[in-house]
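Source file: input-v4.txt. Holds: compact mmCIF, C-alpha atoms.
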# COMPACT_ATOMS: atom_id res chain seq x y z
CA MET P 1 -6.80 -16.57 -0.81
CA LYS P 2 -4.49 -16.07 2.18
CA PHE P 3 -3.78 -12.54 3.35
CA LEU P 4 -0.15 -11.41 3.39
CA ASP P 5 0.78 -7.79 4.01
CA GLN P 6 4.56 -7.98 4.33
CA CYS P 7 7.32 -9.84 2.50
CA LYS P 8 10.96 -9.64 1.47
CA ILE P 9 12.02 -10.08 -2.15
CA PHE P 10 15.24 -10.10 -4.18
CA ILE P 11 15.35 -8.33 -7.55
CA ARG P 12 17.99 -8.15 -10.25
CA SER P 13 17.88 -6.23 -13.50
CA GLY P 14 19.37 -7.80 -16.62
CA ASN P 15 22.93 -7.32 -17.83
CA GLY P 16 23.49 -5.59 -21.13
CA GLY P 17 24.43 -7.75 -24.09
CA ALA P 18 28.07 -7.78 -25.18
CA GLY P 19 29.22 -5.96 -28.31
CA SER P 20 30.48 -8.06 -31.21
CA VAL P 21 33.95 -8.21 -32.74
CA SER P 22 33.42 -8.95 -36.41
CA PHE P 23 34.95 -8.05 -39.77
CA ARG P 24 33.25 -7.90 -43.10
CA ARG P 25 34.93 -10.25 -45.56
CA GLU P 26 33.42 -10.61 -49.01
CA LYS P 27 34.95 -11.61 -52.32
CA PHE P 28 34.57 -8.32 -54.19
CA ILE P 29 34.94 -5.99 -51.19
CA PRO P 30 38.62 -6.10 -50.23
CA ASN P 31 38.35 -3.35 -47.60
CA GLY P 32 35.31 -4.55 -45.72
CA GLY P 33 36.44 -3.45 -42.28
CA PRO P 34 34.83 -3.98 -38.87
CA ASP P 35 31.07 -4.62 -38.71
CA GLY P 36 30.37 -5.84 -35.16
CA GLY P 37 26.97 -4.75 -33.75
CA ASP P 38 26.10 -3.43 -30.29
CA GLY P 39 24.60 -5.54 -27.54
CA GLY P 40 21.00 -5.04 -26.43
CA LYS P 41 19.94 -3.37 -23.20
CA GLY P 42 19.18 -5.58 -20.20
CA GLY P 43 15.66 -5.68 -18.81
CA SER P 44 14.75 -3.26 -16.00
CA VAL P 45 12.63 -4.20 -12.98
CA TYR P 46 9.48 -2.15 -12.33
CA ILE P 47 6.75 -2.34 -9.72
CA GLU P 48 3.18 -1.35 -10.58
CA ALA P 49 0.02 -0.90 -8.51
CA VAL P 50 -2.93 -2.67 -10.13
CA ASP P 51 -6.59 -2.94 -9.28
CA GLY P 52 -8.15 -6.21 -8.11
CA LEU P 53 -5.41 -7.33 -5.68
CA ASN P 54 -5.55 -7.07 -1.89
CA THR P 55 -2.71 -9.32 -0.72
CA LEU P 56 1.01 -9.92 -1.37
CA ILE P 57 0.61 -13.69 -1.30
CA ASP P 58 2.08 -13.96 -4.84
CA TYR P 59 5.44 -12.96 -3.37
CA ARG P 60 5.39 -15.44 -0.51
CA TYR P 61 6.75 -18.46 -2.35
CA ALA P 62 8.47 -16.79 -5.34
CA GLN P 63 10.88 -14.31 -3.80
CA HIS P 64 13.58 -13.96 -6.47
CA PHE P 65 12.88 -11.91 -9.58
CA LYS P 66 15.46 -11.46 -12.32
CA ALA P 67 15.09 -9.67 -15.64
CA ASP P 68 16.69 -11.14 -18.78
CA THR P 69 20.05 -10.20 -20.25
CA GLY P 70 20.12 -8.24 -23.49
CA THR P 71 20.99 -10.14 -26.67
CA HIS P 72 24.64 -9.98 -27.73
CA GLY P 73 25.59 -8.07 -30.85
CA MET P 74 26.46 -9.92 -34.06
CA GLY P 75 28.32 -9.38 -37.32
CA ARG P 76 27.02 -7.34 -40.24
CA GLN P 77 26.29 -4.57 -37.75
CA MET P 78 23.35 -6.47 -36.29
CA HIS P 79 22.51 -5.03 -32.88
CA GLY P 80 21.22 -7.31 -30.15
CA ALA P 81 17.60 -7.03 -29.06
CA ASN P 82 16.72 -5.28 -25.80
CA ALA P 83 15.46 -7.63 -23.10
CA GLU P 84 11.88 -7.25 -21.88
CA ASP P 85 11.35 -5.35 -18.67
CA LEU P 86 10.12 -7.28 -15.64
CA ILE P 87 7.00 -5.79 -13.98
CA LEU P 88 6.00 -6.78 -10.45
CA ARG P 89 2.26 -6.22 -9.97
CA VAL P 90 1.13 -5.43 -6.43
CA PRO P 91 -2.04 -4.18 -4.69
CA VAL P 92 -2.73 -0.47 -4.43
CA GLY P 93 -1.33 0.78 -1.12
CA THR P 94 1.92 -1.20 -1.30
CA GLN P 95 5.04 0.48 0.04
CA VAL P 96 8.57 -0.45 -1.02
CA PHE P 97 11.42 -0.22 1.51
CA GLU P 98 15.15 -0.79 1.33
CA GLU P 99 16.56 -3.85 3.08
CA ASP P 100 16.87 -1.85 6.32
CA HIS P 101 13.03 -1.79 6.41
CA GLU P 102 13.13 1.95 7.15
CA THR P 103 14.14 3.78 3.96
CA LEU P 104 11.01 4.27 1.86
CA ILE P 105 11.57 3.95 -1.90
CA ALA P 106 8.02 4.21 -3.20
CA ASP P 107 4.44 4.44 -1.96
CA LEU P 108 2.09 3.04 -4.60
CA ASP P 109 -1.14 4.62 -3.44
CA THR P 110 -2.91 5.05 -6.81
CA VAL P 111 -3.92 2.58 -9.51
CA GLY P 112 -1.46 2.51 -12.40
CA MET P 113 1.44 4.04 -10.46
CA LYS P 114 4.66 2.52 -11.79
CA ILE P 115 8.20 2.88 -10.40
CA MET P 116 11.55 1.58 -11.67
CA LEU P 117 13.31 -0.40 -8.94
CA ALA P 118 16.40 -1.54 -10.84
CA LYS P 119 17.68 -0.26 -14.19
CA GLY P 120 18.88 -2.74 -16.79
CA GLY P 121 22.51 -2.53 -17.94
CA ASN P 122 23.32 -0.83 -21.24
CA GLY P 123 24.51 -2.99 -24.11
CA GLY P 124 28.22 -2.98 -24.99
CA TRP P 125 29.48 -1.34 -28.17
CA GLY P 126 30.63 -3.49 -31.07
CA ASN P 127 33.98 -2.93 -32.76
CA THR P 128 32.30 -0.86 -35.51
CA ARG P 129 32.01 1.98 -32.96
CA PHE P 130 35.82 2.19 -32.57
CA LYS P 131 36.98 2.34 -36.19
CA GLY P 132 38.69 5.51 -37.36
CA PRO P 133 41.61 6.88 -39.36
CA VAL P 134 44.13 5.77 -36.73
CA ASN P 135 42.62 2.38 -35.87
CA GLN P 136 40.90 1.07 -38.98
CA ALA P 137 40.58 -2.50 -37.77
CA PRO P 138 39.76 -2.51 -34.03
CA ASP P 139 39.74 -6.03 -32.68
CA PHE P 140 37.90 -5.37 -29.44
CA ALA P 141 34.36 -4.57 -28.22
CA LEU P 142 32.80 -3.62 -24.92
CA PRO P 143 30.96 -6.04 -22.64
CA GLY P 144 27.47 -5.12 -21.49
CA GLN P 145 26.99 -3.25 -18.23
CA ASP P 146 25.99 -5.28 -15.22
CA GLY P 147 22.47 -4.97 -13.90
CA GLU P 148 21.52 -3.89 -10.39
CA GLU P 149 20.52 -6.23 -7.60
CA LYS P 150 19.05 -5.63 -4.16
CA TRP P 151 16.83 -7.00 -1.41
CA LEU P 152 13.61 -5.09 -0.78
CA TRP P 153 10.71 -5.18 1.66
CA LEU P 154 7.13 -4.87 0.44
CA ARG P 155 4.51 -3.72 2.92
CA LEU P 156 0.83 -3.40 2.15
CA LYS P 157 -1.34 -0.74 3.75
CA LEU P 158 -4.91 -1.24 2.65
CA ILE P 159 -6.68 1.71 1.05
CA ALA P 160 -9.85 2.42 3.04
CA ASP P 161 -11.87 5.50 3.92
CA ALA P 162 -12.76 4.45 7.46
CA GLY P 163 -11.20 2.07 9.96
CA LEU P 164 -12.70 -0.03 12.74
CA LEU P 165 -10.89 -0.13 16.08
CA GLY P 166 -11.65 -1.80 19.38
CA LEU P 167 -10.78 -4.51 21.85
CA PRO P 168 -11.28 -8.15 20.87
CA ASN P 169 -14.98 -9.11 20.87
CA ALA P 170 -16.11 -5.49 20.57
CA GLY P 171 -18.31 -6.59 17.66
CA LYS P 172 -16.29 -5.13 14.78
CA SER P 173 -16.80 -8.09 12.46
CA THR P 174 -20.53 -8.19 13.26
CA PHE P 175 -20.78 -4.48 12.48
CA LEU P 176 -18.90 -4.95 9.19
CA ALA P 177 -21.19 -7.83 8.18
CA ALA P 178 -24.29 -5.82 9.10
CA SER P 179 -23.25 -2.75 7.10
CA SER P 180 -21.68 -4.30 3.99
CA ALA P 181 -21.56 -7.42 1.85
CA ALA P 182 -18.37 -8.57 3.60
CA ARG P 183 -18.55 -11.90 5.40
CA PRO P 184 -15.83 -11.92 8.07
CA LYS P 185 -15.51 -14.75 10.56
CA ILE P 186 -17.72 -14.16 13.62
CA ALA P 187 -17.48 -16.13 16.87
CA ASP P 188 -17.87 -15.65 20.63
CA TYR P 189 -14.16 -15.80 21.50
CA PRO P 190 -11.38 -13.18 21.33
CA PHE P 191 -9.20 -12.69 18.25
CA THR P 192 -11.70 -14.20 15.85
CA THR P 193 -10.33 -11.77 13.26
CA LEU P 194 -6.69 -12.59 12.54
CA THR P 195 -6.30 -10.60 9.31
CA PRO P 196 -7.78 -7.29 8.11
CA ASN P 197 -11.10 -7.32 6.27
CA LEU P 198 -12.50 -4.79 3.81
CA GLY P 199 -16.14 -3.95 3.20
CA VAL P 200 -17.78 -1.57 0.73
CA ILE P 201 -20.56 0.51 2.27
CA ASP P 202 -23.31 1.43 -0.21
CA LEU P 203 -25.66 4.13 1.04
CA GLY P 204 -27.01 5.14 -2.36
CA ALA P 205 -25.91 6.84 -5.56
CA GLU P 206 -22.45 8.37 -5.11
CA GLN P 207 -22.54 7.54 -1.41
CA ARG P 208 -20.09 4.69 -1.16
CA PHE P 209 -16.97 4.23 0.92
CA VAL P 210 -14.63 1.46 2.02
CA ILE P 211 -14.25 0.39 5.62
CA ALA P 212 -11.40 -1.69 7.09
CA ASP P 213 -11.72 -4.01 10.07
CA ILE P 214 -8.45 -4.95 11.77
CA PRO P 215 -7.80 -7.53 14.51
CA GLY P 216 -8.56 -6.33 18.02
CA LEU P 217 -5.99 -4.51 20.11
CA ILE P 218 -5.27 -5.25 23.76
CA GLU P 219 -3.38 -3.40 26.47
CA GLY P 220 0.34 -3.58 25.75
CA ALA P 221 -0.17 -4.08 22.00
CA SER P 222 2.45 -1.40 21.28
CA GLU P 223 4.95 -3.63 23.12
CA GLY P 224 3.92 -6.77 21.22
CA ALA P 225 1.09 -8.12 23.38
CA GLY P 226 -1.61 -10.07 21.53
CA LEU P 227 -1.20 -9.50 17.80
CA GLY P 228 0.73 -6.30 18.51
CA THR P 229 0.24 -3.19 16.40
CA ARG P 230 1.29 -4.76 13.11
CA PHE P 231 -2.14 -4.32 11.53
CA LEU P 232 -2.59 -0.69 12.59
CA GLY P 233 -0.81 0.26 9.38
CA HIS P 234 -3.97 -0.72 7.52
CA VAL P 235 -5.92 2.15 9.08
CA GLU P 236 -3.14 4.75 8.69
CA ARG P 237 -4.58 5.91 5.37
CA THR P 238 -8.16 6.21 6.62
CA LYS P 239 -9.88 9.56 7.06
CA VAL P 240 -12.12 8.48 9.96
CA LEU P 241 -11.67 6.01 12.82
CA ILE P 242 -14.73 4.19 14.18
CA HIS P 243 -13.96 3.19 17.77
CA LEU P 244 -16.30 0.36 18.78
CA ILE P 245 -16.82 -0.33 22.46
CA ASP P 246 -18.65 -3.33 23.89
CA GLY P 247 -21.38 -1.79 26.02
CA THR P 248 -21.89 -5.02 27.97
CA GLN P 249 -18.34 -5.31 29.35
CA GLU P 250 -17.40 -4.39 32.91
CA ASP P 251 -15.42 -1.22 32.17
CA PRO P 252 -16.31 0.39 28.80
CA VAL P 253 -14.52 3.64 29.73
CA GLY P 254 -11.36 1.70 30.55
CA ALA P 255 -11.62 -0.10 27.21
CA TYR P 256 -11.80 3.25 25.42
CA LYS P 257 -8.71 4.52 27.23
CA VAL P 258 -6.74 1.35 26.44
CA ILE P 259 -7.23 1.77 22.69
CA ARG P 260 -6.44 5.50 22.82
CA LYS P 261 -3.22 4.74 24.69
CA GLU P 262 -2.13 2.16 22.11
CA LEU P 263 -2.92 4.53 19.23
CA ALA P 264 -0.79 7.27 20.78
CA ALA P 265 2.07 4.81 21.35
CA TYR P 266 1.90 3.69 17.70
CA ALA P 267 1.70 7.09 15.97
CA GLU P 268 0.68 10.56 17.06
CA ASP P 269 -0.80 11.26 13.64
CA LEU P 270 -3.11 8.26 13.90
CA ALA P 271 -4.16 9.21 17.44
CA GLY P 272 -5.15 12.65 16.15
CA ARG P 273 -7.32 11.29 13.33
CA PRO P 274 -11.06 12.19 13.42
CA GLU P 275 -12.79 9.56 15.55
CA LEU P 276 -16.33 8.42 16.23
CA VAL P 277 -16.96 6.71 19.58
CA VAL P 278 -19.58 3.99 19.20
CA ILE P 279 -21.24 1.88 21.90
CA ASN P 280 -22.03 -1.52 20.39
CA LYS P 281 -24.40 -4.26 21.59
CA ALA P 282 -26.97 -1.68 22.65
CA ASP P 283 -29.70 -4.32 22.26
CA ALA P 284 -28.46 -5.89 25.51
CA LEU P 285 -28.65 -2.63 27.49
CA ASP P 286 -31.68 -1.17 29.27
CA ALA P 287 -32.56 2.53 29.08
CA ASP P 288 -30.87 3.51 32.36
CA THR P 289 -27.67 1.66 31.51
CA ARG P 290 -27.56 3.32 28.09
CA LYS P 291 -27.99 6.77 29.58
CA ASP P 292 -25.31 6.22 32.22
CA LEU P 293 -22.85 4.75 29.72
CA VAL P 294 -23.32 7.58 27.23
CA LYS P 295 -22.67 10.10 30.03
CA LYS P 296 -19.45 8.40 31.15
CA LEU P 297 -18.01 7.96 27.64
CA LYS P 298 -18.96 11.52 26.70
CA LYS P 299 -16.88 12.76 29.61
CA ALA P 300 -13.92 10.54 28.66
CA SER P 301 -13.96 11.13 24.90
CA LYS P 302 -15.21 14.76 24.78
CA GLN P 303 -17.92 13.76 22.29
CA THR P 304 -21.37 12.22 22.35
CA PRO P 305 -21.04 8.49 21.58
CA HIS P 306 -23.34 6.69 19.14
CA LEU P 307 -25.46 3.75 20.27
CA ILE P 308 -25.75 0.85 17.82
CA SER P 309 -26.38 -2.88 17.66
CA GLY P 310 -24.61 -4.88 14.99
CA VAL P 311 -26.99 -7.78 15.61
CA THR P 312 -30.34 -5.96 15.29
CA GLY P 313 -29.09 -3.15 13.04
CA GLU P 314 -30.18 -0.44 15.46
CA GLY P 315 -28.43 2.86 14.71
CA VAL P 316 -26.08 1.29 12.15
CA ARG P 317 -27.35 3.10 9.06
CA ASP P 318 -27.49 6.46 10.84
CA LEU P 319 -23.89 5.98 11.96
CA LEU P 320 -22.80 5.16 8.40
CA PHE P 321 -24.28 8.42 7.09
CA VAL P 322 -22.33 10.33 9.75
CA VAL P 323 -19.14 8.51 8.71
CA HIS P 324 -19.78 9.33 5.06
CA SER P 325 -20.31 13.02 5.80
CA MET P 326 -17.00 13.12 7.72
CA ILE P 327 -15.19 11.46 4.81
CA VAL P 328 -16.64 13.98 2.33
CA ALA P 329 -15.65 16.86 4.62
CA GLY P 330 -12.13 15.44 4.89
CA ASP P 331 -11.84 15.17 1.10
CA LYS P 332 -12.91 18.78 0.67
CA ALA P 333 -10.43 19.98 3.27
CA GLU P 334 -7.65 18.01 1.59
CA LYS P 335 -8.42 19.47 -1.85
CA HIS P 336 -8.59 22.97 -0.36
CA ALA P 337 -5.15 22.47 1.21
CA GLU P 338 -3.69 21.29 -2.10
CA ASN P 339 -5.29 24.11 -4.11
CA PRO P 340 -5.74 27.15 -1.85
CA PRO P 341 -7.72 30.08 -3.29
CA SER P 342 -5.63 32.73 -5.02
CA THR P 343 -4.82 35.85 -3.02
CA ALA P 344 -3.51 37.81 -6.01
CA TYR P 345 -4.76 41.38 -6.33
CA ASN P 346 -7.66 41.79 -8.75
CA PRO P 347 -8.45 45.44 -9.70
CA TRP P 348 -11.98 44.44 -10.71
CA ASP P 349 -12.81 43.55 -7.09
CA ASN P 350 -12.91 47.27 -6.20
Would you mind writing the file out in structure tokens?
Amino acid sequence: MKFLDQCKIFIRSGNGGAGSVSFRREKFIPNGGPDGGDGGKGGSVYIEAVDGLNTLIDYRYAQHFKADTGTHGMGRQMHGANAEDLILRVPVGTQVFEEDHETLIADLDTVGMKIMLAKGGNGGWGNTRFKGPVNQAPDFALPGQDGEEKWLWLRLKLIADAGLLGLPNAGKSTFLAASSAARPKIADYPFTTLTPNLGVIDLGAEQRFVIADIPGLIEGASEGAGLGTRFLGHVERTKVLIHLIDGTQEDPVGAYKVIRKELAAYAEDLAGRPELVVINKADALDADTRKDLVKKLKKASKQTPHLISGVTGEGVRDLLFVVHSMIVAGDKAEKHAENPPSTAYNPWDN
């Protein structure tokens, strides 16, 4: 299945059914009067986040979505049926924007979240609604209300607990394959990864988290160089960033600074996210080189970097436990912020 994380769609809710103009005429009922029924309500358009999807490819080739019109009213006071609502099912993490691509309408970040995008038109009243002492035989009815129509942008931001960052060929895909059941494309040339990949890390009972690998960034990505920063949105929701650095390259410290610069240019919030600095390909480094590299990156990043090898598995599992502990700590801090302890006076505390 191809990966698609952004698309433009057109939606239109259904018109309401028209009311009916009808008169009751039966042999033994000389004063039958008006009996036109109301029209049915037009279908509304909803969008719902469902489990099991991770791409917007369904909206690549079918871009127009229109709900049905309500059934028209009929004689004998028979009301028209309401049209069925149209539900667009999208992956969890999908955002809905107005046509300007800036005004956020909805952020579907939980399974089952459902939002109305366009309300269906109400059905028109039949002539029965207008009868009275003054006008006992109304010969008119109301048409149904028109539905709403608009162009919208859908943008997917994958839901993951941790995100992998680094220059091309830093070994992100190798690390993801070594730590999860994911099987991303791995090769010895830059930009092997062209779309984000997800992997589930299983460290034991109740010790699972999701990690996202995005295509590599290069200097000038914030200005459109390489693949740009388009895929950075997929790590915006993560709690921890894993910054992989190729320990065998000429200037690992420079590589670290390049990625930090691009993060800051993209979003200050993302640049301030908890980060783990990781030196990859440690199997190709001797003891002295390791020691020197750790010292230099510690000075640049203000933290002690981790040494791992995605090929041999050295240090990978230990790193994953550190990531998991940071995710758990982040969850606790978030819950504490949402539900702070009560500061109300309790006389029994004295």
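Nearest-residue note for Leu285 in chain P: choosing from P:Leu319, P:Met326, P:Ile308, P:Leu297, the minimum distance belongs to P:Ile308, counting all atoms listed in the file.
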Inset, instruction - For CA of Phe97 in chain P and CA of Val235 in chain P, quote the distance in Å rounded to one decimal. - result: 19.1 Å
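Of the residues under consideration (P:Lys8, P:Lys299, P:His79, P:Lys332), P:Lys8 shows the shortest atom-to-atom contact distance to Trp153 in chain P when counting all atoms listed in the file.
In this model, the gap between CA of Asp85 in chain P and CA of Val45 in chain P comes to 5.9 Å.
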Inset, instruction - Give me the residues within 10 Å of range 268-276 of chain P as a PyMOL selection string, counting only C-alpha atoms and dropping any in the same chain fewer than 6 places off. - result: chain P and resi 162-165+232-233+235-244+259-262+301+303-306+319+322-323+326-327+330
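Excluding Met74 in chain P itself and same-chain residues fewer than 5 positions from it, the residues having an atom within 12 Å of it are Gly17, Ala18, Gly19, Ser20, Val21, Ser22, Phe23, Arg24, Pro34, Asp35, Gly36, Gly37, Asp38, Gly39, Gly40, His79, Gly80, Ala81, Gly124, Trp125, Gly126, Asn127, Thr128 and Ala141 of chain P, counting all atoms listed in the file.
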Inset, instruction - Enter the distance from CA of Leu176 in chain P to CA of Phe209 in chain P, in Å, rounded to one decimal. - result: 12.5 Å
Serialized range 17-28 of chain P w/ all heavy atoms as a CSV table (one decimal), in the first residue's frame:
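part_15.csv was written with the following content:
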chain,number,residue,atom,x,y,z
P,17,GLY,N,-35.1,17.2,1.3
P,17,GLY,CA,-36.2,16.9,0.3
P,17,GLY,C,-37.3,18.0,0.3
P,17,GLY,O,-37.5,18.7,1.4
P,18,ALA,N,-37.9,18.2,-0.8
P,18,ALA,CA,-38.9,19.2,-0.9
P,18,ALA,C,-40.2,18.8,-0.2
P,18,ALA,O,-40.6,17.6,-0.2
P,18,ALA,CB,-39.2,19.6,-2.3
P,19,GLY,N,-41.0,19.7,0.3
P,19,GLY,CA,-42.3,19.4,0.9
P,19,GLY,C,-43.3,19.2,-0.2
P,19,GLY,O,-43.1,19.6,-1.4
P,20,SER,N,-44.4,18.5,0.1
P,20,SER,CA,-45.4,18.1,-1.0
P,20,SER,C,-46.6,19.0,-0.9
P,20,SER,O,-47.0,19.4,0.2
P,20,SER,CB,-45.8,16.7,-0.8
P,20,SER,OG,-46.9,16.3,-1.6
P,21,VAL,N,-47.1,19.4,-2.1
P,21,VAL,CA,-48.4,20.0,-2.1
P,21,VAL,C,-49.4,19.0,-2.6
P,21,VAL,O,-49.4,18.5,-3.7
P,21,VAL,CB,-48.4,21.2,-3.2
P,21,VAL,CG1,-49.8,21.8,-3.3
P,21,VAL,CG2,-47.4,22.2,-2.8
P,22,SER,N,-50.3,18.6,-1.7
P,22,SER,CA,-51.3,17.6,-1.9
P,22,SER,C,-52.6,17.9,-1.2
P,22,SER,O,-52.5,18.5,-0.1
P,22,SER,CB,-50.7,16.2,-1.5
P,22,SER,OG,-51.7,15.2,-1.7
P,23,PHE,N,-53.7,17.4,-1.7
P,23,PHE,CA,-55.0,17.6,-1.1
P,23,PHE,C,-55.7,16.2,-1.0
P,23,PHE,O,-55.6,15.4,-2.0
P,23,PHE,CB,-55.9,18.6,-1.9
P,23,PHE,CG,-55.3,20.0,-1.8
P,23,PHE,CD1,-54.5,20.4,-2.8
P,23,PHE,CD2,-55.7,20.8,-0.8
P,23,PHE,CE1,-54.0,21.7,-2.7
P,23,PHE,CE2,-55.2,22.1,-0.8
P,23,PHE,CZ,-54.3,22.6,-1.7
P,24,ARG,N,-56.3,16.0,0.1
P,24,ARG,CA,-57.0,14.7,0.3
P,24,ARG,C,-58.4,14.8,-0.4
P,24,ARG,O,-59.2,15.7,-0.1
P,24,ARG,CB,-57.2,14.5,1.8
P,24,ARG,CG,-57.8,13.2,2.1
P,24,ARG,CD,-57.9,13.0,3.6
P,24,ARG,NE,-58.5,11.7,4.0
P,24,ARG,CZ,-58.7,11.3,5.2
P,24,ARG,NH1,-58.5,12.2,6.2
P,24,ARG,NH2,-59.2,10.1,5.5
P,25,ARG,N,-58.6,13.9,-1.3
P,25,ARG,CA,-59.9,13.9,-2.0
P,25,ARG,C,-60.4,12.5,-2.0
P,25,ARG,O,-59.9,11.6,-2.7
P,25,ARG,CB,-59.7,14.4,-3.4
P,25,ARG,CG,-59.1,15.8,-3.6
P,25,ARG,CD,-59.0,16.2,-5.0
P,25,ARG,NE,-58.4,17.5,-5.1
P,25,ARG,CZ,-59.0,18.7,-5.0
P,25,ARG,NH1,-60.3,18.7,-4.8
P,25,ARG,NH2,-58.4,19.8,-5.2
P,26,GLU,N,-61.5,12.2,-1.2
P,26,GLU,CA,-62.1,10.9,-1.1
P,26,GLU,C,-63.6,11.1,-1.2
P,26,GLU,O,-64.2,12.2,-0.8
P,26,GLU,CB,-61.7,10.2,0.2
P,26,GLU,CG,-60.2,9.9,0.3
P,26,GLU,CD,-59.8,9.2,1.5
P,26,GLU,OE1,-60.7,8.4,2.0
P,26,GLU,OE2,-58.7,9.3,2.0
P,27,LYS,N,-64.3,10.1,-1.7
P,27,LYS,CA,-65.7,10.2,-2.0
P,27,LYS,C,-66.6,10.6,-0.8
P,27,LYS,O,-67.4,11.4,-1.0
P,27,LYS,CB,-66.1,8.8,-2.5
P,27,LYS,CG,-67.6,8.8,-3.0
P,27,LYS,CD,-67.9,7.4,-3.6
P,27,LYS,CE,-69.4,7.4,-4.1
P,27,LYS,NZ,-69.7,6.1,-4.7
P,28,PHE,N,-66.3,10.1,0.3
P,28,PHE,CA,-67.2,10.4,1.5
P,28,PHE,C,-66.6,11.4,2.5
P,28,PHE,O,-67.1,11.5,3.6
P,28,PHE,CB,-67.6,9.1,2.2
P,28,PHE,CG,-68.3,8.1,1.3
P,28,PHE,CD1,-67.7,6.9,0.8
P,28,PHE,CD2,-69.6,8.3,0.9
P,28,PHE,CE1,-68.4,6.1,0.0
P,28,PHE,CE2,-70.3,7.4,0.1
P,28,PHE,CZ,-69.7,6.3,-0.4
